[in-house]
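Everything below concerns the one structure shown next.
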Amino acid sequence: MTNAQRIPFGTLDGQPAEAIDLTAGALSARILPLGATLQSLCVPDRDGMVADVVLGFDDVQSYRDRPSWFGVTVGRYANRIAGGRFTLDGKTYELETNNAPNHLHGGSDGFDQRLWDVAEVGQDDGAAWVHLTLTSPDGDAGYPGTLHASATYTLTPDALTIRYAATSDAATVVNLTNHAFFDLGGQGEALRHLLTIEADQFLPVDATSIPTGERRAVAGTPFDFREAQSIGARVRDGRDDQIAIGRGYDHNFIVRGEAGALRPAAVLVDPASGRAMTLDVTAPGLQLYSGNFLGGAEPGKGGRLYRQGDAVCLEPQAWPDTPNRSDFPSARLDPGRQWQSVMRFGFGIA
């Protein structure tokens with residue numbers, strides 16, 4: 001059975017709000033127009049018990065009042081841009097340094113805080129989907145060009161696929177991704193998950209989490225996930241300078257294969273529940289974030305306090321600070337071209 005429907009979902013800034021519920025077989029997802037956000041994703045375990053495997057809030061207003069990146073679409077540029085500035089075609093653009101001294105995730109009024117338009121909600125025998133759009137004007141957050149962006153969530157009985165696309169009327173940079181925090185067990189024990197990443201190298205960072213330019217081999221380091229490893233086994237290994245800088249994992253991995261082609265990037269398994277998630281991407285990089293700054297101070301869904309390590313993020317994206325690095329795969333978008341990024345989260349039993 002597949003189904004897609006718009007439902008009332010409380011209020012946002014005093015106005016009625018809505019959500020889009022998608023169902024396909026045993027999977028279900030809820031999408032919020034605010035931030036084109038994945039609010040919930042429910043998946044059965046080996047015994048058929050269903051649990052919500054992503055962190056978030058029970059009400060839409062909390063996504064506005066307590067921005068925490070839970071399941072949101074981030075942009076125009078996901079991750080960090082050094083010093084909050086970049087130069088394009090000889091002109092320097094100044095951005096907000098909301099993660100001082102750097103720019104992070106498009107700024108404090110990024111795409112996660114925008115109310116996207118619901119352009120289409122649909123279903124057929126095999127899938128349910130919602131297509132959302134957003135126009136970001138020239139100069140928005142300091143970025144050049146009027147950007148027309150879209151986010152399409154498609155749910156099938158075995159996967160959730162997110163397709164981002166964008167066009168611009170002037171040369172600009174773009175890097176959208178989804179910032180879901182995954183806890184496949186639903187119990188706040190994500191560090192016990194087993195993770196595999198299809199990467200032989202990662203990008204070391206400086207003290208402000210900006211890539212140094214080195215492409216370091218994962219072999220012999222806590223960043224070697226070429227075979228399944230427990231995330232928690234090495235997440236606090238302070239002998240590694242990169243673990244110490246990130247307070248755990250907060251690094252971009254260079255995904256094997258050709259960027260632009262949909263290819264395997266990661267596998268995440270919760271041994272306790274048996275839930276397994278595969279991730280295929282078209283992006284050149286995958287940011288692994290082990291929830292290092294979840295402080296446990298404010299409640300999320302069901303009043304649960306989210307603490308460090310309760311969930312893990314796997315964010316397909318361009319490499320951090322690419323607009324300032326000519327040696328990195330380009331994030332440039334020119335008029336007449338379309339930028340795209342596809343990520344497919346497949347679900348099954350290990």
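Letters A, B, ... mark the chains of the structure tokens in the order given; residue numbers begin at 1 per chain; ligand numbers begin at 1, in order shown.
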Taking only residues of segment 256-342 of chain A that have an atom at most 12 Å from an atom of segment 23-42 of chain A, what is each one's shortest atom pair and its distance in Å to one decimal, using only C-alpha atoms, in chain and number order, as a tab-separated table?
residue	atom	partner	partner_atom	distance
A:Arg275	CA	A:Cys42	CA	11.1
A:Gly300	CA	A:Gln39	CA	11.2
A:Lys301	CA	A:Ser40	CA	9.8
Sorted per-residue table, segment 262-342 of chain A near segment 176-182 of chain A, closest atoms and distance, 8 Å, only C-alpha atoms, as a tab-separated table:
residue	atom	partner	partner_atom	distance
A:Gly291	CA	A:Phe181	CA	7.8
A:Ala311	CA	A:Phe182	CA	5.1
A:Val312	CA	A:Phe182	CA	5.2
A:Cys313	CA	A:Phe181	CA	4.8
A:Leu314	CA	A:Ala180	CA	7.6
A:Glu315	CA	A:His179	CA	6.1
A:Pro316	CA	A:Thr177	CA	6.2
A:Gln317	CA	A:Thr177	CA	6.0
A:Ser341	CA	A:Leu176	CA	7.7
Residues near Gly107 of chain A, anyone? I mean within 8 Å using only C-alpha atoms, not counting same-chain ones fewer than 2 positions away, as a CSV table (one decimal) with N, CA and C atoms, in the first residue's frame.
chain,number,residue,atom,x,y,z
A,95,LEU,N,29.8,36.4,3.9
A,95,LEU,CA,28.8,35.6,4.5
A,95,LEU,C,28.8,35.7,6.0
A,96,GLU,N,27.7,35.3,6.6
A,96,GLU,CA,27.6,35.3,8.1
A,96,GLU,C,28.6,34.3,8.7
A,97,THR,N,29.3,34.7,9.7
A,97,THR,CA,30.2,33.7,10.4
A,97,THR,C,29.4,33.2,11.7
A,98,ASN,N,28.4,32.4,11.4
A,98,ASN,CA,27.6,31.9,12.4
A,98,ASN,C,28.2,30.7,13.2
A,103,HIS,N,31.5,30.3,8.2
A,103,HIS,CA,30.1,30.2,7.8
A,103,HIS,C,29.7,28.7,7.8
A,104,LEU,N,28.5,28.4,8.4
A,104,LEU,CA,28.1,27.0,8.5
A,104,LEU,C,26.6,26.9,8.0
A,105,HIS,N,26.4,25.9,7.1
A,105,HIS,CA,25.0,25.5,6.7
A,105,HIS,C,24.2,26.6,6.2
A,109,ASP,N,19.9,32.0,9.1
A,109,ASP,CA,18.6,32.0,8.4
A,109,ASP,C,18.7,31.3,7.0
A,110,GLY,N,19.3,30.1,7.1
A,110,GLY,CA,19.5,29.3,6.0
A,110,GLY,C,18.2,28.6,5.5
A,141,ALA,N,21.6,35.9,2.1
A,141,ALA,CA,22.7,35.4,3.0
A,141,ALA,C,24.1,35.7,2.4
Contacts of segment 100-216 of chain A with segment 276-283 of chain A up to 12 Å, shortest pair per row, only C-alpha atoms, as a Markdown table:
| residue | atom | partner | partner_atom | distance |
| --- | --- | --- | --- | --- |
| A:Asp158 | CA | A:Met277 | CA | 9.9 |
| A:Ala159 | CA | A:Met277 | CA | 8.9 |
| A:Leu160 | CA | A:Leu279 | CA | 9.8 |
| A:Thr161 | CA | A:Asp280 | CA | 9.3 |
| A:Ile162 | CA | A:Val281 | CA | 9.8 |
| A:Arg163 | CA | A:Thr282 | CA | 9.9 |
| A:Tyr164 | CA | A:Thr282 | CA | 10.7 |
| A:Asn175 | CA | A:Ala283 | CA | 9.4 |
| A:Leu176 | CA | A:Ala283 | CA | 10.1 |
| A:Thr177 | CA | A:Ala283 | CA | 9.5 |
| A:Asn178 | CA | A:Val281 | CA | 11.9 |
| A:Phe182 | CA | A:Met277 | CA | 9.7 |
| A:Asp183 | CA | A:Met277 | CA | 10.6 |
| A:Leu184 | CA | A:Ala276 | CA | 7.6 |
| A:Gly185 | CA | A:Ala276 | CA | 9.9 |
| A:His193 | CA | A:Ala276 | CA | 9.5 |
| A:Leu194 | CA | A:Ala276 | CA | 9.3 |
| A:Leu195 | CA | A:Met277 | CA | 9.7 |
| A:Thr196 | CA | A:Thr278 | CA | 9.4 |
| A:Ile197 | CA | A:Leu279 | CA | 9.4 |
| A:Glu198 | CA | A:Asp280 | CA | 10.0 |
Exercise for the section: Would you list the contacts of Gln229 of chain A as an MDAnalysis selection string, taking every protein, DNA or RNA residue within 12 Å and counting only C-alpha atoms, but skipping same-chain residues closer than 2 positions in sequence? Expected result: chainID A and resid 191:197 222:227 231:235 266:271
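Coordinates place atom CA of Arg80 of chain A at a distance of 8.1 Å from atom CA of Asn99 of chain A.
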Practice task
Using only C-alpha atoms, determine which residues lie at most 12 Å from Thr11 of chain A, disregarding the query and same-chain residues fewer than 2 positions distant; provide the list as a ChimeraX atom specification.
Solution key: /A:8-9,13-19,32,34,58-64
Emit the selected residues as a tab-separated table (two decimals), in the first residue's frame, including C-alpha atoms.
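Generated output (selection.tsv):
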chain	number	residue	atom	x	y	z
A	8	PRO	CA	-2.67	19.63	9.67
A	9	PHE	CA	0.41	19.83	11.89
A	13	ASP	CA	4.49	31.51	14.06
A	14	GLY	CA	0.78	31.65	14.94
A	15	GLN	CA	-0.43	30.34	11.58
A	16	PRO	CA	-1.81	26.88	10.72
A	17	ALA	CA	0.95	24.49	9.62
A	18	GLU	CA	0.88	21.25	7.71
A	19	ALA	CA	2.92	18.11	7.11
A	32	LEU	CA	7.56	19.37	6.93
A	34	LEU	CA	9.52	24.28	7.06
A	58	ASP	CA	7.00	16.67	17.95
A	59	ASP	CA	5.88	20.17	16.93
A	60	VAL	CA	6.88	22.37	14.00
A	61	GLN	CA	7.43	25.52	16.07
A	62	SER	CA	10.37	23.89	17.85
A	63	TYR	CA	12.21	23.61	14.54
A	64	ARG	CA	11.94	27.41	14.33
Exercise for the section: Fewer than 2 positions away in the same chain doesn't count, so skip those; otherwise give me all residues within 9 Å of Gly122 of chain A, counting only C-alpha atoms, as a PyMOL selection string. Expected result: chain A and resi 3-5+120+124+127-131
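Atom CA of Thr167 of chain A lies 7.4 Å from atom CA of Gly336 of chain A.
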Practice task
List every residue of segment 33-257 of chain A that DSSP, applied to the backbone, labels as strand (DSSP E or B), and write the result as JSON, numbers by chain.
Solution key: {"A": [34, 37, 38, 39, 40, 41, 42, 43, 44, 50, 51, 52, 54, 73, 74, 77, 80, 81, 85, 86, 87, 88, 91, 92, 93, 94, 99, 102, 103, 104, 115, 117, 118, 119, 120, 121, 122, 123, 128, 129, 130, 131, 132, 133, 134, 135, 136, 147, 148, 149, 150, 151, 152, 153, 154, 155, 156, 159, 160, 161, 162, 163, 164, 165, 166, 167, 168, 172, 173, 175, 177, 178, 182, 194, 195, 196, 197, 199, 200, 201, 202, 203, 205, 211, 216, 217, 229, 230, 250, 251, 252, 253, 254, 255]}
Handout entry: segment 212-218 of chain A surroundings by only C-alpha atoms, 10 Å radius, close-in-sequence under 3 positions cut, as a PyMOL selection string
Key = chain A and resi 199-207+209+221-226+253-254+321+325+327-328
Same residues, N, CA and C atoms, output as a PDB file, in the first residue's frame:
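The new file selection-v5.pdb reads:
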ATOM      1  N   ALA A 199      35.120   4.497   1.386  1.00  0.00           N
ATOM      2  CA  ALA A 199      36.102   5.567   1.221  1.00  0.00           C
ATOM      3  C   ALA A 199      37.470   5.090   1.674  1.00  0.00           C
ATOM      4  N   ASP A 200      38.476   5.433   0.889  1.00  0.00           N
ATOM      5  CA  ASP A 200      39.865   5.115   1.231  1.00  0.00           C
ATOM      6  C   ASP A 200      40.587   6.316   1.828  1.00  0.00           C
ATOM      7  N   GLN A 201      39.968   7.505   1.704  1.00  0.00           N
ATOM      8  CA  GLN A 201      40.576   8.731   2.208  1.00  0.00           C
ATOM      9  C   GLN A 201      39.521   9.613   2.860  1.00  0.00           C
ATOM     10  N   PHE A 202      39.993  10.471   3.768  1.00  0.00           N
ATOM     11  CA  PHE A 202      39.128  11.485   4.363  1.00  0.00           C
ATOM     12  C   PHE A 202      39.895  12.800   4.387  1.00  0.00           C
ATOM     13  N   LEU A 203      39.185  13.875   4.753  1.00  0.00           N
ATOM     14  CA  LEU A 203      39.779  15.210   4.765  1.00  0.00           C
ATOM     15  C   LEU A 203      40.058  15.660   6.198  1.00  0.00           C
ATOM     16  N   PRO A 204      41.326  15.661   6.620  1.00  0.00           N
ATOM     17  CA  PRO A 204      41.655  16.226   7.939  1.00  0.00           C
ATOM     18  C   PRO A 204      41.312  17.709   7.987  1.00  0.00           C
ATOM     19  N   VAL A 205      41.041  18.202   9.195  1.00  0.00           N
ATOM     20  CA  VAL A 205      40.640  19.603   9.372  1.00  0.00           C
ATOM     21  C   VAL A 205      41.541  20.292  10.378  1.00  0.00           C
ATOM     22  N   ASP A 206      41.493  21.637  10.340  1.00  0.00           N
ATOM     23  CA  ASP A 206      42.245  22.414  11.319  1.00  0.00           C
ATOM     24  C   ASP A 206      41.408  22.612  12.576  1.00  0.00           C
ATOM     25  N   ALA A 207      41.873  23.455  13.463  1.00  0.00           N
ATOM     26  CA  ALA A 207      41.196  23.635  14.751  1.00  0.00           C
ATOM     27  C   ALA A 207      39.818  24.249  14.619  1.00  0.00           C
ATOM     28  N   SER A 209      37.757  23.329  12.078  1.00  0.00           N
ATOM     29  CA  SER A 209      37.030  22.337  11.269  1.00  0.00           C
ATOM     30  C   SER A 209      37.000  22.668   9.783  1.00  0.00           C
ATOM     31  N   THR A 221      43.969   4.302  10.892  1.00  0.00           N
ATOM     32  CA  THR A 221      43.430   5.405  11.686  1.00  0.00           C
ATOM     33  C   THR A 221      42.037   5.036  12.199  1.00  0.00           C
ATOM     34  N   PRO A 222      41.507   5.820  13.157  1.00  0.00           N
ATOM     35  CA  PRO A 222      40.133   5.591  13.607  1.00  0.00           C
ATOM     36  C   PRO A 222      39.091   5.869  12.524  1.00  0.00           C
ATOM     37  N   PHE A 223      39.525   6.366  11.361  1.00  0.00           N
ATOM     38  CA  PHE A 223      38.616   6.708  10.271  1.00  0.00           C
ATOM     39  C   PHE A 223      38.487   5.581   9.247  1.00  0.00           C
ATOM     40  N   ASP A 224      39.025   4.433   9.570  1.00  0.00           N
ATOM     41  CA  ASP A 224      38.960   3.296   8.649  1.00  0.00           C
ATOM     42  C   ASP A 224      37.665   2.527   8.866  1.00  0.00           C
ATOM     43  N   PHE A 225      36.679   2.798   8.007  1.00  0.00           N
ATOM     44  CA  PHE A 225      35.398   2.093   8.035  1.00  0.00           C
ATOM     45  C   PHE A 225      35.203   1.288   6.748  1.00  0.00           C
ATOM     46  N   ARG A 226      36.305   0.884   6.137  1.00  0.00           N
ATOM     47  CA  ARG A 226      36.192   0.113   4.902  1.00  0.00           C
ATOM     48  C   ARG A 226      35.561  -1.249   5.162  1.00  0.00           C
ATOM     49  N   PHE A 253      34.382  12.289   4.134  1.00  0.00           N
ATOM     50  CA  PHE A 253      35.038  11.160   3.494  1.00  0.00           C
ATOM     51  C   PHE A 253      34.907  11.281   1.979  1.00  0.00           C
ATOM     52  N   ILE A 254      35.950  10.891   1.271  1.00  0.00           N
ATOM     53  CA  ILE A 254      35.956  10.937  -0.188  1.00  0.00           C
ATOM     54  C   ILE A 254      35.356   9.626  -0.700  1.00  0.00           C
ATOM     55  N   ASP A 321      34.314  23.866   2.405  1.00  0.00           N
ATOM     56  CA  ASP A 321      35.140  24.980   1.953  1.00  0.00           C
ATOM     57  C   ASP A 321      35.545  24.881   0.486  1.00  0.00           C
ATOM     58  N   ARG A 325      38.653  26.404  -2.550  1.00  0.00           N
ATOM     59  CA  ARG A 325      39.673  25.409  -2.854  1.00  0.00           C
ATOM     60  C   ARG A 325      39.578  24.980  -4.320  1.00  0.00           C
ATOM     61  N   ASP A 327      41.473  23.053  -5.777  1.00  0.00           N
ATOM     62  CA  ASP A 327      41.893  21.661  -5.911  1.00  0.00           C
ATOM     63  C   ASP A 327      40.809  20.683  -5.461  1.00  0.00           C
ATOM     64  N   PHE A 328      39.653  21.189  -5.024  1.00  0.00           N
ATOM     65  CA  PHE A 328      38.531  20.341  -4.627  1.00  0.00           C
ATOM     66  C   PHE A 328      37.528  20.267  -5.787  1.00  0.00           C
TER      67      PHE A 328
END
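Of the residues in segment 50-264 of chain A, those given helix (DSSP H, G or I) by DSSP on the backbone are Val60, Gln61, Ser62, Tyr63, Arg64, Asp65, Ala82, Gly83, Gly84, Phe111, Asp112, Gln113, Asp140, Ala141, Gly142, Ala190, Leu191, Arg192, Ile231, Gly232, Ala233, Asp241, Gln242, Ile243, Ala244, Ile245 and Gly246 of chain A.
Reported to one decimal place, the separation of atom CA of Gly71 of chain A from atom CA of Gly10 of chain A is 18.3 Å.
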